[in-house]
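Structure file target19.cif with mmCIF, C-alpha atoms:
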```
data_protein
#
loop_
_atom_site.label_atom_id
_atom_site.label_comp_id
_atom_site.auth_asym_id
_atom_site.auth_seq_id
_atom_site.Cartn_x
_atom_site.Cartn_y
_atom_site.Cartn_z
CA MET A 92 -16.01 26.77 10.36
CA ARG A 93 -16.44 30.50 10.81
CA ASN A 94 -14.79 32.89 13.17
CA PRO A 95 -15.49 36.55 13.83
CA GLN A 96 -12.88 38.72 12.16
CA HIS A 97 -10.47 40.25 14.68
CA ASP A 98 -6.85 41.27 14.69
CA PRO A 99 -4.49 38.37 15.41
CA LEU A 100 -3.08 37.97 18.88
CA GLY A 101 0.59 38.15 19.69
CA SER A 102 3.57 39.72 17.99
CA PRO A 103 4.80 38.91 14.49
CA LYS A 104 8.09 37.42 15.68
CA THR A 105 9.50 35.09 18.29
CA GLU A 106 11.58 36.41 21.19
CA SER A 107 14.72 35.88 19.12
CA GLY A 108 13.25 38.00 16.34
CA VAL A 109 13.21 35.12 13.89
CA SER A 110 9.87 34.65 12.16
CA ARG A 111 8.29 31.19 12.17
CA GLU A 112 5.61 29.60 9.99
CA GLY A 113 3.75 32.72 9.01
CA GLY A 114 6.04 34.90 11.15
CA SER A 115 3.90 35.24 14.25
CA GLU A 116 3.25 34.20 17.80
CA ARG A 117 -0.10 33.60 19.42
CA ARG A 118 -1.19 34.05 23.01
CA CYS A 119 -2.82 31.23 24.95
CA VAL A 120 -6.22 32.51 26.11
CA LEU A 121 -5.94 30.44 29.28
CA SER A 122 -2.38 31.02 30.48
CA GLY A 123 -1.79 34.38 28.83
CA GLN A 124 1.65 33.21 27.65
CA SER A 125 2.76 33.77 24.05
CA SER A 126 4.36 31.06 21.95
CA ALA A 127 5.00 30.32 18.29
CA ARG A 128 1.74 29.40 16.57
CA ASP A 129 3.19 25.99 15.68
CA ASP A 130 3.33 25.14 19.38
CA LEU A 131 -0.30 25.98 20.17
CA VAL A 132 -3.69 24.48 19.34
CA ARG A 133 -6.27 26.65 17.60
CA LEU A 134 -9.95 26.66 18.52
CA ALA A 135 -12.52 27.93 16.03
CA LEU A 136 -16.25 28.62 15.83
CA SER A 137 -18.78 26.65 13.84
CA PRO A 138 -21.42 28.51 11.79
CA GLU A 139 -24.35 29.75 13.86
CA ASP A 140 -27.10 27.22 14.47
CA ALA A 141 -30.85 27.95 14.44
CA ASP A 142 -30.60 29.52 17.91
CA GLY A 143 -27.74 31.77 16.91
CA MET A 144 -25.23 29.74 18.92
CA CYS A 145 -21.73 28.92 17.67
CA HIS A 146 -19.98 25.76 18.76
CA ILE A 147 -16.32 25.63 19.73
CA LEU A 148 -14.39 23.14 17.63
CA PRO A 149 -10.70 22.19 17.46
CA ASP A 150 -8.91 23.47 14.36
CA ALA A 151 -5.97 21.08 14.41
CA LEU A 152 -4.48 22.32 11.13
CA ALA A 153 -4.96 25.98 12.12
CA LYS A 154 -6.46 26.73 8.72
CA ALA A 155 -10.09 27.63 9.41
CA PRO A 156 -10.96 31.14 8.13
CA GLY A 157 -11.15 34.05 10.51
CA ARG A 158 -9.49 34.55 13.85
CA GLY A 159 -9.23 31.68 16.26
CA ALA A 160 -8.50 31.38 19.95
CA TRP A 161 -5.26 29.63 20.81
CA ILE A 162 -4.50 27.35 23.73
CA GLY A 163 -1.20 25.96 24.97
CA VAL A 164 -2.41 23.62 27.69
CA THR A 165 -2.64 19.89 28.23
CA ARG A 166 -5.78 17.80 27.89
CA ASP A 167 -6.23 17.66 31.67
CA GLU A 168 -5.75 21.41 32.00
CA LEU A 169 -8.31 22.02 29.26
CA ALA A 170 -10.82 19.75 31.01
CA ALA A 171 -10.26 21.65 34.26
CA ALA A 172 -10.73 24.99 32.50
CA ILE A 173 -14.03 23.79 31.05
CA ALA A 174 -15.27 22.56 34.42
CA SER A 175 -14.34 25.78 36.21
CA GLY A 176 -15.82 28.07 33.56
CA GLN A 177 -12.41 29.61 32.85
CA LEU A 178 -12.47 28.54 29.20
CA ARG A 179 -15.94 30.01 28.62
CA GLY A 180 -14.86 33.34 30.02
CA ALA A 181 -11.64 33.37 27.99
CA LEU A 182 -13.39 32.46 24.76
CA SER A 183 -16.19 34.95 25.31
CA ARG A 184 -13.57 37.67 25.56
CA ALA A 185 -11.56 36.36 22.62
CA PHE A 186 -14.54 36.09 20.27
CA LYS A 187 -16.43 39.01 21.86
CA THR A 188 -19.63 37.01 22.13
CA GLY A 189 -21.29 34.98 24.86
CA LYS A 190 -23.28 32.92 22.40
CA ILE A 191 -20.88 30.02 22.33
CA ALA A 192 -21.41 26.37 23.13
CA ILE A 193 -18.45 24.42 24.50
CA PRO A 194 -18.86 20.63 24.20
CA ASP A 195 -18.08 18.65 27.34
CA ASP A 196 -15.91 16.34 25.27
CA LEU A 197 -13.81 19.12 23.74
CA PRO A 198 -10.60 17.61 25.19
CA GLU A 199 -11.38 14.28 23.51
CA GLN A 200 -12.36 16.04 20.27
CA THR A 201 -9.11 17.98 20.33
CA LYS A 202 -7.03 14.87 20.94
CA ALA A 203 -8.75 13.04 18.07
CA ALA A 204 -8.30 16.01 15.73
CA LEU A 205 -4.60 16.31 16.56
CA GLU A 206 -4.07 12.57 16.08
CA LYS A 207 -5.81 12.78 12.71
CA ALA A 208 -3.59 15.69 11.68
CA VAL A 209 -0.44 13.68 12.46
CA LEU A 210 -1.71 10.61 10.60
CA GLN A 211 -2.80 12.66 7.60
CA ARG A 212 0.61 14.30 7.42
CA LEU A 213 2.33 10.92 7.54
CA GLY A 214 -0.01 9.69 4.81
CA LEU A 215 0.89 12.63 2.60
CA GLU A 216 4.58 11.98 3.09
CA MET A 217 4.06 8.32 2.20
CA ARG A 218 2.19 9.18 -0.98
CA SER A 219 5.03 11.50 -1.89
CA GLY A 220 7.48 8.61 -1.49
CA ARG A 221 9.28 10.14 1.49
CA LEU A 222 8.16 7.75 4.22
CA ILE A 223 10.28 4.69 4.92
CA LEU A 224 8.52 1.59 6.29
CA GLY A 225 9.78 -1.82 7.35
CA SER A 226 12.41 -2.48 10.00
CA ASP A 227 14.98 -3.93 7.59
CA ARG A 228 14.81 -1.03 5.17
CA ILE A 229 14.82 1.55 7.97
CA ALA A 230 17.86 -0.08 9.56
CA GLN A 231 19.72 -0.15 6.25
CA ASP A 232 18.95 3.47 5.40
CA ALA A 233 19.65 4.60 8.95
CA ARG A 234 23.14 3.06 8.95
CA MET A 235 23.84 4.83 5.66
CA GLY A 236 22.90 8.18 7.14
CA LYS A 237 19.76 8.49 5.05
CA VAL A 238 17.26 8.96 7.90
CA ALA A 239 16.30 12.46 9.10
CA ALA A 240 13.62 11.35 11.57
CA LEU A 241 12.77 8.05 13.22
CA TYR A 242 9.47 7.07 14.87
CA HIS A 243 8.14 4.06 16.77
CA ALA A 244 4.53 3.08 17.44
CA GLY A 245 3.46 3.50 21.03
CA ASP A 246 3.20 -0.26 21.45
CA ALA A 247 6.45 -1.16 19.66
CA SER A 248 8.74 -3.59 21.47
CA GLU A 249 11.75 -2.18 23.31
CA ASP A 250 14.12 -4.50 21.47
CA GLY A 251 12.89 -3.42 18.05
CA CYS A 252 13.17 0.25 18.98
CA LYS A 253 16.67 -0.13 20.42
CA LYS A 254 18.00 -1.87 17.28
CA LEU A 255 16.76 0.88 14.99
CA ASP A 256 17.85 3.61 17.40
CA GLN A 257 21.35 2.16 17.36
CA ALA A 258 21.38 1.99 13.55
CA TRP A 259 20.30 5.65 13.44
CA ARG A 260 23.04 6.67 15.86
CA VAL A 261 25.63 4.89 13.73
CA GLY A 262 24.47 6.60 10.54
CA SER A 263 24.24 9.97 12.28
CA ASP A 264 27.74 9.71 13.79
CA ALA A 265 26.08 9.96 17.20
CA GLU A 266 27.20 6.72 18.82
CA GLY A 267 27.25 6.98 22.59
CA SER A 268 24.90 9.96 22.58
CA GLY A 269 21.76 8.08 23.58
CA VAL A 270 19.80 9.66 20.73
CA GLN A 271 16.65 7.71 19.95
CA GLY A 272 13.59 7.86 17.78
CA VAL A 273 10.28 9.31 18.90
CA ARG A 274 7.82 7.00 20.62
CA LEU A 275 4.57 8.12 19.00
CA PRO A 276 1.36 8.58 21.02
CA LEU A 277 -0.24 6.30 18.42
CA ASP A 278 -0.31 2.50 18.34
CA ARG A 279 0.45 0.21 15.41
CA GLU A 280 -3.23 -0.29 14.63
CA ALA A 281 -3.84 3.44 14.18
CA LEU A 282 -0.72 3.78 12.03
CA SER A 283 -1.57 0.73 9.93
CA VAL A 284 -5.13 1.88 9.25
CA ALA A 285 -4.06 5.42 8.37
CA LEU A 286 -1.26 4.33 6.05
CA GLY A 287 -3.08 1.39 4.50
CA ARG A 288 -0.32 -1.06 5.37
CA ASP A 289 -0.16 -4.10 7.64
CA ASN A 290 1.56 -3.92 11.01
CA VAL A 291 3.21 -0.50 10.83
CA VAL A 292 5.42 -0.45 13.92
CA HIS A 293 8.42 1.64 12.87
CA LEU A 294 8.68 4.41 10.31
CA ALA A 295 11.22 6.98 9.23
CA LEU A 296 11.64 10.01 7.01
CA ALA A 297 14.66 10.56 4.82
CA ASP A 298 13.80 14.11 3.84
CA ALA A 299 14.57 16.90 6.32
CA ARG A 300 11.69 19.07 5.14
CA SER A 301 9.31 16.15 5.57
CA ALA A 302 10.54 15.80 9.14
CA GLN A 303 9.82 19.48 9.76
CA ARG A 304 6.29 19.12 8.37
CA VAL A 305 5.56 16.15 10.61
CA ALA A 306 7.12 17.82 13.64
CA ILE A 307 4.47 20.56 13.75
CA PRO A 308 1.30 18.45 14.24
CA LEU A 309 3.24 15.88 16.26
CA GLY A 310 4.57 18.56 18.60
CA ARG A 311 1.07 19.93 19.14
CA LEU A 312 -0.24 16.46 19.96
CA GLN A 313 2.61 15.66 22.33
CA THR A 314 2.22 18.97 24.13
CA PHE A 315 -1.54 18.50 24.46
CA LEU A 316 -1.01 15.02 25.91
CA GLY A 317 1.56 16.36 28.35
CA ALA A 318 4.45 14.52 26.72
CA VAL A 319 7.83 15.93 25.78
CA LYS A 320 8.08 18.26 22.81
CA ALA A 321 8.65 16.57 19.47
CA ALA A 322 12.25 15.56 18.93
CA GLY A 323 13.27 12.67 16.68
CA THR A 324 14.75 14.92 14.00
CA SER A 325 18.36 15.10 13.02
CA GLU A 326 20.35 18.32 12.76
CA GLU A 327 19.59 18.34 9.04
CA ALA A 328 15.89 18.53 9.79
CA GLY A 329 16.38 21.83 11.54
CA GLY A 330 15.53 20.44 14.98
CA GLU A 331 17.83 19.57 17.80
CA THR A 332 21.13 17.97 16.93
CA ALA A 333 21.26 14.21 17.14
CA ALA A 334 23.67 14.38 20.03
CA GLY A 335 21.43 16.81 21.86
CA LEU A 336 18.30 14.69 21.95
CA SER A 337 17.33 13.11 25.23
CA ALA A 338 18.08 9.47 25.81
#
```

What does the file become when written as structure tokens?
Amino acid sequence: MRNPQHDPLGSPKTESGVSREGGSERRCVLSGQSSARDDLVRLALSPEDADGMCHILPDALAKAPGRGAWIGVTRDELAAAIASGQLRGALSRAFKTGKIAIPDDLPEQTKAALEKAVLQRLGLEMRSGRLILGSDRIAQDARMGKVAALYHAGDASEDGCKKLDQAWRVGSDAEGSGVQGVRLPLDREALSVALGRDNVVHLALADARSAQRVAIPLGRLQTFLGAVKAAGTSEEAGGETAAGLSA
């Protein structure tokens, strides 16, 4: 992908003055509101085609060269902005060119790219030996306080989730708090295919830094889908405290 070179949007620090992931905020081109770059989705330009047009593409990892345009809206809001022409106007101003092509299925492309980013991150953590799979092993490690983040497939059974959530609360000294693992916006089939294992329904991370790395793409996906912001991390992971997570 290629983007015209421009100065980055936003200020170099959050409102609290604490730098985050590159030490900068970005401004949503649709809402005009500034947020940490980890909370927004980046859009980038493809190389020019034969007609000199550039195509808008999702940059889920926010690593494409050049300046991108950032959005902090849901999938439905993005679709509405495309239909109304608001996105075209915002991107024309951001990239200072009107020669852009916005695909009608950009919301679906963005969702797929964000899902892929989450699955790739989980795959990297598994290859590094930091991902815990299997209900029995997760339950054992959770009760011993060795789980920093707990996740359930979107189609996992309630009973299975509740048993592991309880084990996590016990190991985290958070009994009675209602803390629970994250219900992923991904089903067991998607998780199983991505991780190369059969019937991946529950998974956990023992390493706090691994939990932080997963939280970034997962948070972007959840926000884009209109779900709650990524939780599912213990106090060690640098997220909300176990007792402070929603039930």

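Closest approach to Leu316 of chain A among A:Ser175, A:Ser183, A:Thr201, A:Ser115: A:Thr201, based on only C-alpha atoms.
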
- request: Identify, on the basis of all atoms listed in the file, every residue whose closest approach to segment 191-200 of chain A does not exceed 8 Å; exclude the query and any residue fewer than 5 positions from it along the same chain; express the result as an MDAnalysis selection string.
  value: chainID A and resid 144:149 166:167 169:170 173 179 183

Using only C-alpha atoms, find each residue of segment 154-208 of chain A with at least one atom at most 12 Å away from an atom of segment 292-306 of chain A; report its shortest atom-to-atom pair and that distance in Å (one decimal), sort the rows by chain and rising residue number, and return the result as CSV.
```
residue,atom,partner,partner_atom,distance
A:Leu205,CA,A:Val305,CA,11.8
A:Glu206,CA,A:Val305,CA,11.6
A:Ala208,CA,A:Val305,CA,9.2
```

query: Which residues fall under the PyMOL selection byres ((chain A and resi 212-222) around 6) in this file, as a list in words?
result: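 So the PyMOL selection byres ((chain A and resi 212-222) around 6), applied here, picks out Val209, Leu210, Gln211, Ile223, Leu286, Ala295 and Leu296 of chain A.
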
message: Using only C-alpha atoms, which protein or nucleic acid residues come within 8 Å of Leu131 of chain A? Drop anything in the same chain fewer than 3 positions from it, and give the result as an MDAnalysis selection string.
response: chainID A and resid 117 119 126:128 161:163 311

- request: Could you jot down the atom CA of Glu168 of chain A to atom CA of Asp129 of chain A separation for me, Å, one decimal place?
  value: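 Result for atom CA of Glu168 of chain A versus atom CA of Asp129 of chain A: 19.2 Å, one decimal.
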
field: Atomic separation - atom CA of Ser137 of chain A relative to atom CA of Leu152 of chain A, Å
entry: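 A separation of 15.2 Å between them.
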
Residue among A:Ala258, A:His243, A:Ala204, A:Leu136 lying closest to Ala230 of chain A, counting all atoms listed in the file: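 With all atoms listed in the file as the atom set, the closest residue is A:Ala258.
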
- request: Carefully work through the PyMOL selection byres ((chain A and resi 226) around 12) for this structure and note down the residues it includes, as a PyMOL selection string.
  value: chain A and resi 223-225+227-233+241-243+247+250-256+258-259+290-295

- request: Spell out the residues picked by the PyMOL selection byres ((chain A and resi 313) around 12) here, as JSON, numbers by chain.
  value: {"A": [130, 131, 132, 163, 164, 165, 166, 202, 205, 206, 209, 273, 274, 275, 276, 277, 306, 307, 308, 309, 310, 311, 312, 314, 315, 316, 317, 318, 319, 320, 321, 322]}

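In this model, the gap between atom CA of Gly189 of chain A and atom CA of Arg118 of chain A comes to 20.2 Å.
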
Pick from A:Gly236, A:Gly159, A:Gly262, A:Pro138, whichever lies nearest to Leu182 of chain A using all atoms listed in the file: A:Gly159

Write segment 144-155 of chain A as a compact mmCIF listing (two decimals), keeping the file's coordinate frame, completed to all heavy atoms.
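And here's selection_35.txt as it stands now:
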```
# COMPACT_ATOMS: atom_id res chain seq x y z
N MET A 144 -26.38 30.17 18.15
CA MET A 144 -25.23 29.74 18.92
C MET A 144 -24.13 29.23 17.98
O MET A 144 -24.40 28.64 16.94
CB MET A 144 -25.61 28.64 19.89
CG MET A 144 -26.59 29.06 20.97
SD MET A 144 -25.85 30.19 22.17
CE MET A 144 -24.70 29.09 22.99
N CYS A 145 -22.89 29.46 18.37
CA CYS A 145 -21.73 28.92 17.67
C CYS A 145 -21.04 27.90 18.57
O CYS A 145 -20.92 28.12 19.78
CB CYS A 145 -20.75 30.03 17.31
SG CYS A 145 -21.38 31.22 16.13
N HIS A 146 -20.61 26.83 17.99
CA HIS A 146 -19.98 25.76 18.76
C HIS A 146 -18.46 25.84 18.62
O HIS A 146 -17.93 26.09 17.53
CB HIS A 146 -20.48 24.39 18.29
CG HIS A 146 -21.95 24.19 18.51
ND1 HIS A 146 -22.46 23.53 19.60
CD2 HIS A 146 -23.02 24.59 17.76
CE1 HIS A 146 -23.78 23.52 19.53
NE2 HIS A 146 -24.14 24.15 18.43
N ILE A 147 -17.78 25.63 19.73
CA ILE A 147 -16.32 25.63 19.73
C ILE A 147 -15.83 24.29 19.21
O ILE A 147 -16.23 23.23 19.68
CB ILE A 147 -15.77 25.87 21.15
CG1 ILE A 147 -16.24 27.23 21.68
CG2 ILE A 147 -14.25 25.79 21.15
CD1 ILE A 147 -15.73 28.41 20.89
N LEU A 148 -14.94 24.35 18.24
CA LEU A 148 -14.39 23.14 17.63
C LEU A 148 -12.87 23.25 17.52
O LEU A 148 -12.34 24.35 17.32
CB LEU A 148 -14.98 22.93 16.22
CG LEU A 148 -16.49 22.75 16.13
CD1 LEU A 148 -16.93 22.77 14.67
CD2 LEU A 148 -16.91 21.44 16.79
N PRO A 149 -12.15 22.15 17.64
CA PRO A 149 -10.70 22.19 17.46
C PRO A 149 -10.35 22.37 15.99
O PRO A 149 -10.96 21.76 15.11
CB PRO A 149 -10.23 20.83 17.97
CG PRO A 149 -11.42 19.93 17.81
CD PRO A 149 -12.63 20.80 18.03
N ASP A 150 -9.41 23.24 15.72
CA ASP A 150 -8.91 23.47 14.36
C ASP A 150 -7.47 22.99 14.33
O ASP A 150 -6.53 23.79 14.39
CB ASP A 150 -9.03 24.96 14.02
CG ASP A 150 -8.49 25.30 12.64
OD1 ASP A 150 -8.39 24.39 11.80
OD2 ASP A 150 -8.16 26.48 12.42
N ALA A 151 -7.29 21.69 14.24
CA ALA A 151 -5.97 21.08 14.41
C ALA A 151 -4.95 21.55 13.38
O ALA A 151 -3.76 21.64 13.68
CB ALA A 151 -6.08 19.56 14.36
N LEU A 152 -5.40 21.87 12.18
CA LEU A 152 -4.48 22.32 11.13
C LEU A 152 -4.30 23.83 11.13
O LEU A 152 -3.49 24.37 10.35
CB LEU A 152 -4.99 21.86 9.76
CG LEU A 152 -5.09 20.35 9.56
CD1 LEU A 152 -5.66 20.03 8.18
CD2 LEU A 152 -3.74 19.67 9.75
N ALA A 153 -5.05 24.51 12.00
CA ALA A 153 -4.96 25.98 12.12
C ALA A 153 -5.18 26.65 10.77
O ALA A 153 -4.47 27.58 10.40
CB ALA A 153 -3.62 26.38 12.71
N LYS A 154 -6.20 26.19 10.05
CA LYS A 154 -6.46 26.73 8.72
C LYS A 154 -7.88 27.26 8.53
O LYS A 154 -8.22 27.75 7.46
CB LYS A 154 -6.19 25.67 7.65
CG LYS A 154 -4.71 25.31 7.50
CD LYS A 154 -4.51 24.32 6.38
CE LYS A 154 -3.03 24.02 6.18
NZ LYS A 154 -2.80 23.04 5.06
N ALA A 155 -8.72 27.15 9.55
CA ALA A 155 -10.09 27.63 9.41
C ALA A 155 -10.07 29.15 9.21
O ALA A 155 -9.23 29.85 9.78
CB ALA A 155 -10.91 27.28 10.64
```
